[in-house]
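Coordinates as given in structure26.cif (mmCIF, C-alpha atoms and all ligand atoms):
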```cif
data_start
loop_
_atom_site.label_atom_id
_atom_site.label_comp_id
_atom_site.auth_asym_id
_atom_site.auth_seq_id
_atom_site.Cartn_x
_atom_site.Cartn_y
_atom_site.Cartn_z
CA MET A 1 0.22 -2.78 21.25
CA ARG A 2 0.75 0.78 20.03
CA ASN A 3 -0.76 3.88 21.55
CA PRO A 4 -4.01 4.47 19.69
CA ASP A 5 -4.08 8.24 20.34
CA LEU A 6 -2.97 9.16 16.85
CA SER A 7 -6.36 8.85 15.23
CA SER A 8 -8.60 8.10 18.22
CA LYS A 9 -9.84 11.67 18.71
CA GLU A 10 -10.50 12.04 15.02
CA ALA A 11 -12.23 8.65 14.81
CA LYS A 12 -14.62 9.40 17.66
CA TRP A 13 -15.46 12.75 16.11
CA SER A 14 -15.98 11.09 12.69
CA TRP A 15 -18.54 8.60 13.99
CA LYS A 16 -20.47 11.31 15.86
CA LYS A 17 -20.41 13.65 12.89
CA ALA A 18 -21.50 10.99 10.37
CA LEU A 19 -24.32 10.00 12.71
CA SER A 20 -25.45 13.58 13.29
CA GLU A 21 -25.50 14.25 9.54
CA GLY A 22 -27.65 11.16 8.96
CA LEU A 23 -24.88 9.43 6.99
CA ILE A 24 -24.99 6.28 9.13
CA ASP A 25 -28.14 4.21 9.58
CA GLU A 26 -29.19 1.09 11.51
CA ASP A 27 -27.77 -1.23 8.85
CA ASP A 28 -24.33 0.36 9.11
CA THR A 29 -23.05 -2.15 11.62
CA SER A 30 -19.50 -1.09 10.74
CA VAL A 31 -18.02 1.79 8.77
CA LEU A 32 -14.62 2.56 7.28
CA PHE A 33 -12.79 5.88 7.31
CA GLN A 34 -9.93 7.48 5.39
CA SER A 35 -8.27 10.42 7.09
CA TRP A 36 -7.25 12.98 4.46
CA ASN A 37 -5.14 14.96 6.93
CA LEU A 38 -3.11 11.93 8.02
CA LEU A 39 -2.67 10.72 4.45
CA LYS A 40 -1.39 14.16 3.44
CA THR A 41 1.03 14.15 6.37
CA TYR A 42 2.51 10.82 5.23
CA THR A 43 2.72 11.60 1.53
CA ASP A 44 4.27 15.03 2.21
CA HIS A 45 6.75 13.41 4.59
CA LEU A 46 7.77 11.00 1.84
CA VAL A 47 8.36 13.81 -0.66
CA ASN A 48 10.33 15.88 1.85
CA ALA A 49 12.42 12.93 3.02
CA PHE A 50 13.68 12.25 -0.52
CA SER A 51 13.87 15.91 -1.60
CA HIS A 52 14.69 14.62 -5.04
CA PRO A 53 14.68 17.17 -7.87
CA LYS A 54 13.18 14.71 -10.38
CA SER A 55 10.97 12.18 -8.70
CA LEU A 56 7.72 10.36 -9.24
CA HIS A 57 6.30 8.97 -6.03
CA ALA A 58 3.91 6.39 -7.46
CA ILE A 59 1.71 5.13 -4.64
CA ALA A 60 0.80 1.45 -5.00
CA ILE A 61 -2.87 1.23 -6.02
CA LYS A 62 -3.38 -2.25 -4.58
CA THR A 63 -2.76 -0.91 -1.07
CA GLN A 64 -5.88 1.29 -1.18
CA PRO A 65 -7.76 1.15 -4.49
CA HIS A 66 -10.85 3.19 -3.53
CA PRO A 67 -11.55 5.43 -6.58
CA LYS A 68 -12.06 8.53 -4.42
CA VAL A 69 -8.78 7.97 -2.61
CA LEU A 70 -6.99 7.54 -5.93
CA GLU A 71 -8.56 10.79 -7.16
CA ARG A 72 -7.22 12.57 -4.10
CA ILE A 73 -3.72 11.13 -4.54
CA VAL A 74 -3.74 12.25 -8.18
CA LYS A 75 -5.02 15.72 -7.22
CA TRP A 76 -2.06 16.06 -4.85
CA GLY A 77 0.27 15.39 -7.81
CA PHE A 78 1.42 11.86 -6.99
CA GLY A 79 1.88 8.97 -9.39
CA LEU A 80 0.20 5.56 -9.15
CA GLU A 81 1.75 2.10 -9.34
CA ALA A 82 -0.53 -0.38 -11.09
CA ALA A 83 -0.27 -4.14 -10.62
CA SER A 84 -2.82 -5.02 -13.31
CA MET A 85 -4.42 -3.53 -16.40
CA GLU A 86 -7.54 -2.98 -14.33
CA GLU A 87 -5.48 -0.82 -11.99
CA VAL A 88 -4.04 1.10 -14.96
CA LYS A 89 -7.63 1.88 -15.98
CA LYS A 90 -8.53 2.87 -12.42
CA ALA A 91 -5.58 5.28 -12.47
CA ILE A 92 -6.80 6.82 -15.74
CA ASP A 93 -10.32 7.11 -14.31
CA ALA A 94 -8.82 8.94 -11.33
CA GLY A 95 -7.63 11.62 -13.77
CA ILE A 96 -3.91 10.89 -13.91
CA SER A 97 -1.71 11.52 -16.94
CA PRO A 98 -0.18 8.30 -18.31
CA ASP A 99 3.40 9.39 -17.60
CA LYS A 100 2.61 9.17 -13.89
CA ILE A 101 1.49 5.53 -14.08
CA VAL A 102 3.97 2.73 -13.41
CA PHE A 103 2.65 -0.56 -14.78
CA ASP A 104 4.25 -3.49 -12.96
CA SER A 105 1.97 -6.46 -13.57
CA PRO A 106 4.03 -9.67 -13.61
CA VAL A 107 1.59 -11.20 -16.11
CA LYS A 108 0.80 -8.75 -18.90
CA THR A 109 -0.90 -9.95 -22.06
CA LYS A 110 0.21 -8.95 -25.54
CA ARG A 111 -3.07 -7.04 -25.91
CA GLU A 112 -2.42 -5.08 -22.72
CA ILE A 113 1.05 -4.12 -23.92
CA SER A 114 -0.39 -3.02 -27.30
CA TYR A 115 -3.08 -1.01 -25.52
CA CYS A 116 -0.41 0.84 -23.51
CA HIS A 117 1.62 1.45 -26.66
CA GLU A 118 -1.34 2.78 -28.63
CA ASN A 119 -3.20 4.73 -25.96
CA LEU A 120 -0.98 5.59 -23.01
CA LYS A 121 1.95 7.61 -24.27
CA GLY A 122 4.60 8.15 -21.63
CA LEU A 123 3.41 5.39 -19.24
CA ARG A 124 6.19 3.54 -17.46
CA LEU A 125 6.08 -0.22 -18.11
CA ASN A 126 8.38 -2.62 -16.30
CA VAL A 127 8.84 -6.08 -17.80
CA ASN A 128 9.09 -8.92 -15.32
CA SER A 129 11.46 -11.09 -17.36
CA LEU A 130 13.85 -10.84 -20.29
CA GLU A 131 11.45 -13.07 -22.23
CA GLU A 132 8.75 -10.39 -21.93
CA LEU A 133 11.00 -7.98 -23.86
CA ASN A 134 10.16 -9.92 -27.04
CA ARG A 135 6.55 -8.69 -26.68
CA ILE A 136 7.54 -5.03 -26.68
CA PRO A 137 7.05 -2.97 -29.87
CA LYS A 138 10.26 -1.77 -31.54
CA ASN A 139 9.76 1.89 -30.63
CA PRO A 140 7.34 1.84 -27.72
CA ASN A 141 5.37 4.95 -26.82
CA PHE A 142 5.85 4.03 -23.19
CA GLN A 143 9.05 4.14 -21.15
CA LEU A 144 10.43 0.62 -20.93
CA GLY A 145 11.94 -0.78 -17.74
CA ILE A 146 13.25 -4.14 -16.53
CA ARG A 147 12.40 -5.42 -13.06
CA ILE A 148 15.46 -6.90 -11.37
CA ASN A 149 15.40 -9.37 -8.52
CA PRO A 150 18.28 -8.26 -6.26
CA GLN A 151 18.45 -11.67 -4.55
CA VAL A 152 19.05 -10.12 -1.15
CA GLU A 153 17.76 -11.14 2.27
CA THR A 154 15.40 -8.27 3.20
CA GLY A 155 13.92 -9.85 6.30
CA ALA A 156 10.43 -9.55 4.77
CA PRO A 157 7.97 -12.19 6.03
CA GLU A 158 8.02 -15.18 3.67
CA VAL A 159 4.67 -14.42 1.98
CA TYR A 160 5.77 -10.86 1.18
CA ASP A 161 9.36 -11.72 0.20
CA VAL A 162 9.95 -11.31 -3.52
CA SER A 163 13.77 -11.35 -3.54
CA HIS A 164 14.58 -14.99 -2.94
CA ASP A 165 16.40 -16.90 -5.68
CA GLU A 166 13.34 -18.58 -7.19
CA SER A 167 11.02 -15.59 -6.91
CA LYS A 168 8.52 -15.15 -9.73
CA PHE A 169 9.40 -11.45 -9.75
CA GLY A 170 12.09 -9.90 -11.91
CA VAL A 171 15.29 -11.00 -13.58
CA PRO A 172 17.80 -12.33 -11.03
CA VAL A 173 20.74 -10.00 -10.59
CA SER A 174 22.99 -13.07 -10.98
CA GLU A 175 22.08 -12.80 -14.69
CA LYS A 176 23.69 -9.37 -14.87
CA ASP A 177 25.44 -9.97 -18.19
CA SER A 178 22.18 -10.97 -19.86
CA ILE A 179 20.46 -7.92 -18.34
CA ILE A 180 23.10 -5.58 -19.73
CA ASP A 181 22.97 -7.31 -23.09
CA ALA A 182 19.17 -6.85 -23.12
CA ILE A 183 19.51 -3.17 -22.23
CA ILE A 184 21.76 -2.73 -25.28
CA ARG A 185 19.37 -4.62 -27.60
CA PHE A 186 15.99 -3.27 -26.43
CA PRO A 187 14.88 0.36 -25.88
CA VAL A 188 15.22 0.15 -22.10
CA THR A 189 15.69 3.40 -20.15
CA LEU A 190 14.45 2.37 -16.68
CA LEU A 191 15.52 -0.21 -14.12
CA HIS A 192 13.22 -1.36 -11.33
CA ILE A 193 13.37 -3.28 -8.08
CA HIS A 194 10.86 -3.88 -5.34
CA SER A 195 12.69 -6.04 -2.84
CA GLY A 196 9.77 -7.05 -0.64
CA SER A 197 7.09 -5.72 1.68
CA GLN A 198 7.58 -5.10 5.38
CA MET A 199 11.35 -5.36 4.99
CA ALA A 200 13.01 -5.61 8.38
CA ASN A 201 16.54 -5.44 7.00
CA ILE A 202 16.96 -1.94 5.64
CA ASP A 203 20.68 -2.40 4.99
CA SER A 204 19.93 -5.17 2.49
CA ALA A 205 17.21 -3.07 0.91
CA ILE A 206 19.80 -0.33 0.40
CA SER A 207 22.35 -2.84 -0.94
CA ALA A 208 19.71 -3.89 -3.48
CA ILE A 209 19.36 -0.28 -4.64
CA CYS A 210 23.16 -0.03 -4.92
CA LEU A 211 23.09 -3.10 -7.19
CA LEU A 212 20.47 -1.39 -9.36
CA ARG A 213 22.68 1.71 -9.60
CA ASP A 214 25.72 -0.40 -10.51
CA ILE A 215 23.88 -2.09 -13.36
CA ALA A 216 22.59 1.27 -14.59
CA LEU A 217 26.08 2.81 -14.58
CA GLU A 218 27.64 -0.20 -16.30
CA ALA A 219 24.88 -0.29 -18.92
CA ASN A 220 25.26 3.44 -19.57
CA SER A 221 29.02 3.06 -20.15
CA LYS A 222 28.36 0.20 -22.58
CA LEU A 223 25.67 2.21 -24.39
CA GLU A 224 28.14 5.07 -24.76
CA LEU A 225 30.82 2.73 -26.09
CA GLU A 226 28.31 1.39 -28.61
CA GLY A 227 27.72 4.96 -29.82
CA SER A 228 24.13 5.01 -28.60
CA SER A 229 22.63 8.20 -27.19
CA ARG A 230 20.13 6.15 -25.14
CA ARG A 231 20.79 5.85 -21.41
CA ILE A 232 19.18 4.37 -18.32
CA GLU A 233 17.56 7.56 -17.07
CA THR A 234 15.23 6.33 -14.34
CA LEU A 235 15.70 4.15 -11.28
CA ASP A 236 12.54 2.78 -9.69
CA ILE A 237 13.27 1.61 -6.15
CA GLY A 238 9.82 0.17 -5.30
CA GLY A 239 8.34 0.41 -1.81
CA GLY A 240 8.50 -2.03 1.08
CA LEU A 241 9.09 0.02 4.23
CA ILE A 242 7.29 -1.11 7.38
CA PRO A 243 4.53 1.35 8.40
CA GLU A 244 5.52 3.67 11.23
CA GLU A 245 3.88 6.34 13.33
CA LEU A 246 5.30 9.76 12.56
CA ILE A 247 6.18 11.48 15.81
CA PRO A 248 6.82 15.23 15.52
CA GLY A 249 10.44 16.06 16.37
CA GLU A 250 11.67 12.47 15.95
CA THR A 251 13.60 11.17 12.97
CA SER A 252 11.40 8.77 11.05
CA LYS A 253 12.49 5.41 9.64
CA MET A 254 11.76 6.88 6.22
CA GLN A 255 14.19 9.74 6.88
CA GLU A 256 16.80 7.26 8.15
CA TYR A 257 16.35 5.13 5.04
CA VAL A 258 16.86 8.14 2.78
CA SER A 259 19.91 9.41 4.75
CA ASN A 260 21.54 6.01 4.36
CA LEU A 261 20.68 5.98 0.67
CA ARG A 262 22.30 9.41 0.30
CA ILE A 263 25.49 8.03 1.85
CA ARG A 264 25.63 4.69 0.08
CA CYS A 265 23.96 5.55 -3.21
CA PRO A 266 24.32 9.30 -3.86
CA GLU A 267 24.01 8.69 -7.63
CA LEU A 268 20.30 8.03 -7.07
CA TRP A 269 19.90 11.81 -7.06
CA GLU A 270 21.42 12.01 -10.55
CA PHE A 271 18.79 9.74 -12.14
CA GLU A 272 15.07 10.29 -12.30
CA LEU A 273 13.68 8.51 -9.23
CA ILE A 274 10.48 6.49 -8.92
CA THR A 275 9.23 5.13 -5.60
CA GLU A 276 6.26 2.80 -5.06
CA PHE A 277 5.48 2.92 -1.35
CA GLY A 278 2.11 1.47 -0.41
CA GLN A 279 1.50 0.52 3.19
CA TRP A 280 3.98 3.03 4.61
CA ASN A 281 1.74 5.81 3.25
CA TYR A 282 -1.60 4.32 4.22
CA PHE A 283 -1.50 2.01 7.23
CA TYR A 284 -1.97 4.59 10.00
CA THR A 285 -4.27 6.84 7.97
CA GLY A 286 -7.33 4.58 7.99
CA TYR A 287 -9.61 3.46 10.79
CA ALA A 288 -12.85 1.54 11.15
CA ILE A 289 -15.61 1.44 13.72
CA SER A 290 -17.83 -1.58 14.31
CA LYS A 291 -20.85 -2.01 16.52
CA ILE A 292 -20.36 -4.69 19.13
CA GLU A 293 -23.06 -7.28 18.62
CA TYR A 294 -22.29 -9.28 21.76
CA SER A 295 -19.57 -9.69 24.33
CA ILE A 296 -19.98 -13.08 25.98
CA LEU A 297 -18.01 -14.53 28.86
CA LYS A 298 -16.55 -17.91 27.86
CA GLY A 299 -14.27 -19.44 30.45
CA ARG A 300 -12.00 -16.71 31.74
CA LYS A 301 -12.36 -14.27 28.87
CA TYR A 302 -14.92 -12.40 26.83
CA ILE A 303 -15.51 -13.22 23.18
CA THR A 304 -16.42 -9.87 21.67
CA TYR A 305 -18.22 -10.22 18.32
CA ILE A 306 -17.95 -7.40 15.80
CA HIS A 307 -19.06 -6.85 12.20
CA ILE A 308 -15.74 -6.82 10.38
CA GLY A 309 -13.21 -9.61 10.51
CA ALA A 310 -11.35 -11.79 8.06
CA ASP A 311 -13.41 -10.31 5.21
CA PHE A 312 -11.80 -6.88 5.75
CA LEU A 313 -8.58 -7.71 7.58
CA LEU A 314 -7.66 -10.76 5.55
CA ARG A 315 -3.93 -10.51 6.18
CA ASP A 316 -4.36 -10.11 9.92
CA SER A 317 -6.49 -13.20 10.32
CA TYR A 318 -5.00 -15.47 7.67
CA VAL A 319 -1.33 -14.48 7.94
CA LYS A 320 -0.35 -12.52 11.05
CA PRO A 321 -1.71 -9.50 12.96
CA ARG A 322 -0.09 -6.36 11.56
CA GLY A 323 -0.42 -4.11 14.60
CA ILE A 324 -3.98 -2.84 14.30
CA SER A 325 -5.03 -1.40 17.65
CA PHE A 326 -8.41 -1.54 19.37
CA GLU A 327 -10.26 0.92 21.58
CA ALA A 328 -13.56 0.26 23.32
CA LEU A 329 -16.14 3.04 22.90
CA ASP A 330 -19.64 3.42 24.26
CA SER A 331 -22.64 3.76 21.94
CA ASN A 332 -22.02 7.53 21.73
CA ALA A 333 -18.44 6.97 20.60
CA ASN A 334 -16.83 8.08 23.86
CA SER A 335 -14.02 6.04 25.42
CA LYS A 336 -15.26 3.33 27.79
CA THR A 337 -14.05 3.64 31.34
CA THR A 338 -15.24 0.30 32.66
CA GLU A 339 -12.74 -2.08 34.19
CA ASP A 340 -10.34 -3.90 31.84
CA VAL A 341 -11.13 -7.53 31.10
CA THR A 342 -9.57 -10.02 28.69
CA HIS A 343 -11.12 -10.22 25.22
CA ASP A 344 -10.85 -12.22 22.05
CA ILE A 345 -12.05 -10.02 19.18
CA ALA A 346 -14.08 -12.25 16.85
CA GLY A 347 -15.20 -11.31 13.35
CA PRO A 348 -18.59 -12.18 11.86
CA LEU A 349 -17.56 -14.97 9.47
CA CYS A 350 -18.48 -18.62 9.84
CA PHE A 351 -14.81 -19.59 9.90
CA ALA A 352 -12.77 -20.66 12.91
CA GLY A 353 -9.82 -18.42 12.02
CA ASP A 354 -11.91 -15.25 12.05
CA TYR A 355 -10.31 -13.50 15.01
CA LEU A 356 -8.63 -10.10 14.91
CA ALA A 357 -6.98 -10.39 18.31
CA LYS A 358 -6.77 -12.83 21.18
CA ASN A 359 -6.25 -12.22 24.88
CA ILE A 360 -6.19 -8.45 24.78
CA ASP A 361 -7.16 -6.30 27.73
CA LEU A 362 -9.83 -3.69 27.04
CA PRO A 363 -12.61 -2.15 29.14
CA GLN A 364 -15.59 -4.44 29.47
CA VAL A 365 -18.11 -3.81 26.69
CA GLU A 366 -21.70 -4.74 25.99
CA GLU A 367 -24.17 -5.00 23.14
CA GLY A 368 -24.48 -1.65 21.37
CA ASP A 369 -21.02 -0.38 22.32
CA LEU A 370 -18.51 0.31 19.56
CA LEU A 371 -15.02 -0.93 18.78
CA LEU A 372 -12.53 1.38 17.09
CA LEU A 373 -9.87 -0.30 14.96
CA SER A 374 -6.93 2.00 14.13
CA GLY A 375 -4.36 1.18 11.46
CA THR A 376 -6.74 -0.26 8.87
CA GLY A 377 -5.63 2.04 6.04
CA SER A 378 -3.61 -0.43 3.97
CA ASN A 379 -4.27 -3.78 2.33
CA SER A 380 -7.69 -4.03 3.97
CA TYR A 381 -10.41 -2.38 1.87
CA GLY A 382 -8.59 -3.58 -1.28
CA LEU A 383 -8.50 -7.18 -0.07
CA TRP A 384 -12.22 -7.41 0.76
CA SER A 385 -13.19 -11.08 0.72
CA ARG A 386 -16.54 -12.43 -0.44
CA HIS A 387 -16.38 -15.28 2.03
CA CYS A 388 -19.80 -15.39 3.76
CA SER A 389 -21.14 -12.78 1.30
CA ARG A 390 -21.19 -9.84 3.67
CA ALA A 391 -21.45 -6.29 2.33
CA ILE A 392 -18.49 -3.90 2.16
CA PRO A 393 -19.25 -1.18 4.72
CA SER A 394 -19.84 2.48 3.84
CA PHE A 395 -16.59 4.37 3.40
CA PHE A 396 -16.02 7.96 4.54
CA GLY A 397 -13.37 10.58 3.82
CA VAL A 398 -12.58 12.79 6.81
CA ASP A 399 -11.06 16.26 6.88
CA PHE A 400 -10.73 16.63 10.63
CA LYS A 401 -8.88 19.97 10.46
CA ASN A 402 -11.76 21.59 8.59
CA LYS A 403 -14.36 19.47 10.38
CA LYS A 404 -15.76 17.94 7.19
CA ILE A 405 -16.89 14.42 6.47
CA GLU A 406 -18.03 12.97 3.17
CA LYS A 407 -19.48 9.57 2.28
CA LEU A 408 -17.22 8.26 -0.46
CA SER A 409 -19.20 5.07 -1.11
CA SER A 410 -22.27 3.36 0.32
CA ARG A 411 -22.55 -0.14 1.69
CA LEU A 412 -22.07 -2.52 -1.23
CA ASN A 413 -22.67 -6.22 -1.58
CA LEU A 414 -20.43 -7.65 -4.28
CA PHE A 415 -22.53 -10.81 -4.46
CA ASN A 416 -25.48 -8.76 -5.69
CA GLU A 417 -23.36 -7.45 -8.58
CA ILE A 418 -23.23 -10.34 -11.02
C1 LIG A 501 5.85 -3.91 -7.43
C2 LIG A 501 5.37 -3.40 -6.12
N1 LIG A 501 5.62 -2.13 -5.80
C3 LIG A 501 5.19 -1.61 -4.64
C4 LIG A 501 4.47 -2.36 -3.73
C5 LIG A 501 4.04 -1.74 -2.44
O1 LIG A 501 4.68 -2.35 -1.39
P1 LIG A 501 4.57 -1.80 0.10
O2 LIG A 501 3.13 -1.65 0.41
O3 LIG A 501 5.22 -2.83 0.93
O4 LIG A 501 5.30 -0.48 0.13
C6 LIG A 501 4.19 -3.71 -4.01
C7 LIG A 501 3.46 -4.53 -3.06
O5 LIG A 501 3.24 -5.68 -3.16
C8 LIG A 501 4.66 -4.24 -5.25
O6 LIG A 501 4.42 -5.52 -5.58
#
```
Would you write the structure of this file as structure tokens?
Ligand SMILES: Cc1ncc(COP(=O)(O)O)c(C=O)c1O
Amino acid sequence: MRNPDLSSKEAKWSWKKALSEGLIDEDDTSVLFQSWNLLKTYTDHLVNAFSHPKSLHAIAIKTQPHPKVLERIVKWGFGLEAASMEEVKKAIDAGISPDKIVFDSPVKTKREISYCHENLKGLRLNVNSLEELNRIPKNPNFQLGIRINPQVETGAPEVYDVSHDESKFGVPVSEKDSIIDAIIRFPVTLLHIHSGSQMANIDSAISAICLLRDIALEANSKLELEGSSRRIETLDIGGGLIPEELIPGETSKMQEYVSNLRIRCPELWEFELITEFGQWNYFYTGYAISKIEYSILKGRKYITYIHIGADFLLRDSYVKPRGISFEALDSNANSKTTEDVTHDIAGPLCFAGDYLAKNIDLPQVEEGDLLLLSGTGSNSYGLWSRHCSRAIPSFFGVDFKNKKIEKLSSRLNLFNEI
């Protein structure tokens, strides 16, 4: 379990401040927070790590699709990676210019492609297969890319691994000749990979980017031989890094990744670069606080029941805990100092798998105390499940440095919105 200090002070302040400003009421049995300061720290770190003269860091929308968060990302000058047409529209609503949108849906309709061509000049659109190229207009108004499956072993957990041989994502690199042939025949100027999420094997991830570079260089030589002035100009390297805590004075995994890329793939700095990091930017920048409804001794341990569970943290309960940490607070949001006991943290759903943690030691808690969950910033709000029809909690944006808090959205029940 990681040290929860990173956002604990801020989180306790946030609850107290929201309460004192009347922004939380009795029905707010849990609330969600986005730290603007932490998010800025991560996104700035990303930009500085790459120090690329021509880059578009397109943050994956699916990781945190709250409209107010997207607006903030756009205001800071970042791009957005969209996995669906709905996400493209969300990006536009957030005020972005189309050339900063990367549209990666694996299942685009002909109408969606036409819409992009007619309305979104400069958008970046990556096809998922060579077959999809036949749906592209002759002279598209968007930049056209091909997603390549590097077929490398990235060490990503199976459900997040997109680079195995039969993946539904991208054109297998083993079909390199067909890819190069397609680059010559269609107006392609961008090549894309996203090798997987939570990749444990960074060396393979870098090898995949080297493969992308090799195809780009080979295609550019062929284009030159053919007398064409068109070139592959942009390499989109996707996202996929495991979230990490940034510790001042220590080299981050992101910096290590980039240093290795500089050694093994220096040509990346000669192309335009697109990145699509999602959870690396967000994971540690979000937190949630739930009231504790009960904590009941069953056998040797306490089952502690809270108001968010598998509806909010779907991946943690259905797949595998991702490292979210827990801190017991009293009803005034101060750290509990009671003796540690063993807890199972149970969510509110009528579903046997709805646990966020088992057998963890935390101070003993009681009805009315609070539980702080840190590390809820990615793939949580965006995955909200309707199972058991519970409402999405109120969502706050926090500027801890300037001691400001703002309600970004009120409690919402999706089942009431038919
Ligand atoms: C095409 C694409 N790009 C980027 C991402 C973001 O990945 P991550 O959050 O692992 O950085 C995803 C996630 O599924 C994706 O499918």
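Shortest atom-to-atom contact with Glu158 in chain A among A:Pro67, A:Gly227, A:Gly196, A:Pro172: A:Gly196, counting all atoms listed in the file.
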For the contact check between chain A and ligand LIG 501 (chain A), emit one row per residue of chain A within 6 Å, containing the shortest atom pair and the distance in Å rounded to one decimal, counting only C-alpha atoms and all ligand atoms, chain then rising number order, as CSV.
```
residue,atom,partner,partner_atom,distance
A:Ala60,CA,A:LIG501,C5,5.2
A:Asp104,CA,A:LIG501,C1,5.8
A:His194,CA,A:LIG501,C1,5.4
A:Ser197,CA,A:LIG501,O3,3.5
A:Gln198,CA,A:LIG501,O3,5.5
A:Gly238,CA,A:LIG501,N1,4.8
A:Gly239,CA,A:LIG501,O4,3.7
A:Gly240,CA,A:LIG501,O3,3.4
A:Leu241,CA,A:LIG501,O4,5.6
A:Glu276,CA,A:LIG501,C3,4.6
A:Phe277,CA,A:LIG501,O4,3.7
A:Gly278,CA,A:LIG501,O2,3.4
A:Gln279,CA,A:LIG501,O2,3.9
A:Trp280,CA,A:LIG501,O4,5.8
```
Counting only C-alpha atoms, which of A:Ser385, A:Thr189, A:Asn48, A:Asn416 gets nearest to Ala216 in chain A?
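Closest candidate: A:Thr189.
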Practice task
Figure out the distance between CA of Leu370 in chain A and CA of Lys291 in chain A, please, to one decimal in Å.
Solution key: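 The value is 4.5 Å.
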I'd like the neighbourhood of Thr304 in chain A as a list in words, where a residue qualifies if any of its atoms comes within 8 Å (using all atoms listed in the file), though same-chain residues fewer than 6 positions away should be ignored.
Ile292, Glu293, Tyr294, Ser295, Ile296, His343, Asp344, Ile345 and Ala346 of chain A
Closest of A:Gly323, A:Asp203, A:Leu80, A:Asp361 to Glu339 in chain A, counting only C-alpha atoms, is A:Asp361
- To one decimal place, how far is CA of Ser374 in chain A from CA of Glu327 in chain A in Å?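 Value for the CA of Ser374 in chain A-CA of Glu327 in chain A distance: 8.2 Å.
Here CA of Ile405 in chain A is placed at a distance of 15.8 Å from CA of Lys40 in chain A.
Each of A:Ala18, A:Ile215, A:Ile179, A:Leu371 was checked against Leu356 in chain A using all atoms listed in the file; the smallest atom-to-atom distance is that of A:Leu371.
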Item to check | Selected residue, from A:Phe271, A:Ile184, A:Gly79, A:Ser84, that lies nearest to Ile101 in chain A when counting only C-alpha atoms | outcome: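 That would be A:Gly79, the residue with the smallest distance to Ile101 in chain A.
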Exercise for the section: For range 11-17 of chain A, work out the shell of residues within 9 Å, counting all atoms listed in the file and skipping chain neighbours fewer than 5 positions away, then give it as a VMD selection string. Expected result: chain A and resid 22 to 24 31 33 35 287 to 289 329 332 to 335 372 374 396 398 400 403 to 405
- Task: List the residues sitting within 12 Å of (21.9, -2.6, -21.7) in the file's frame, using only C-alpha atoms, as a PyMOL selection string.
- Result: chain A and resi 130+144-146+176-191+215-226+228+230-233
With distances taken over all atoms listed in the file, the candidate from A:Ser97, A:Gln34, A:Thr29, A:Asn379 nearest Leu408 in chain A is A:Gln34
| request: Excluding Thr109 in chain A and residues on its chain fewer than 6 positions from it, collect all residues at most 10 Å away from it, counting only C-alpha atoms, and give them as a VMD selection string. | output: chain A and resid 85 115 132 135
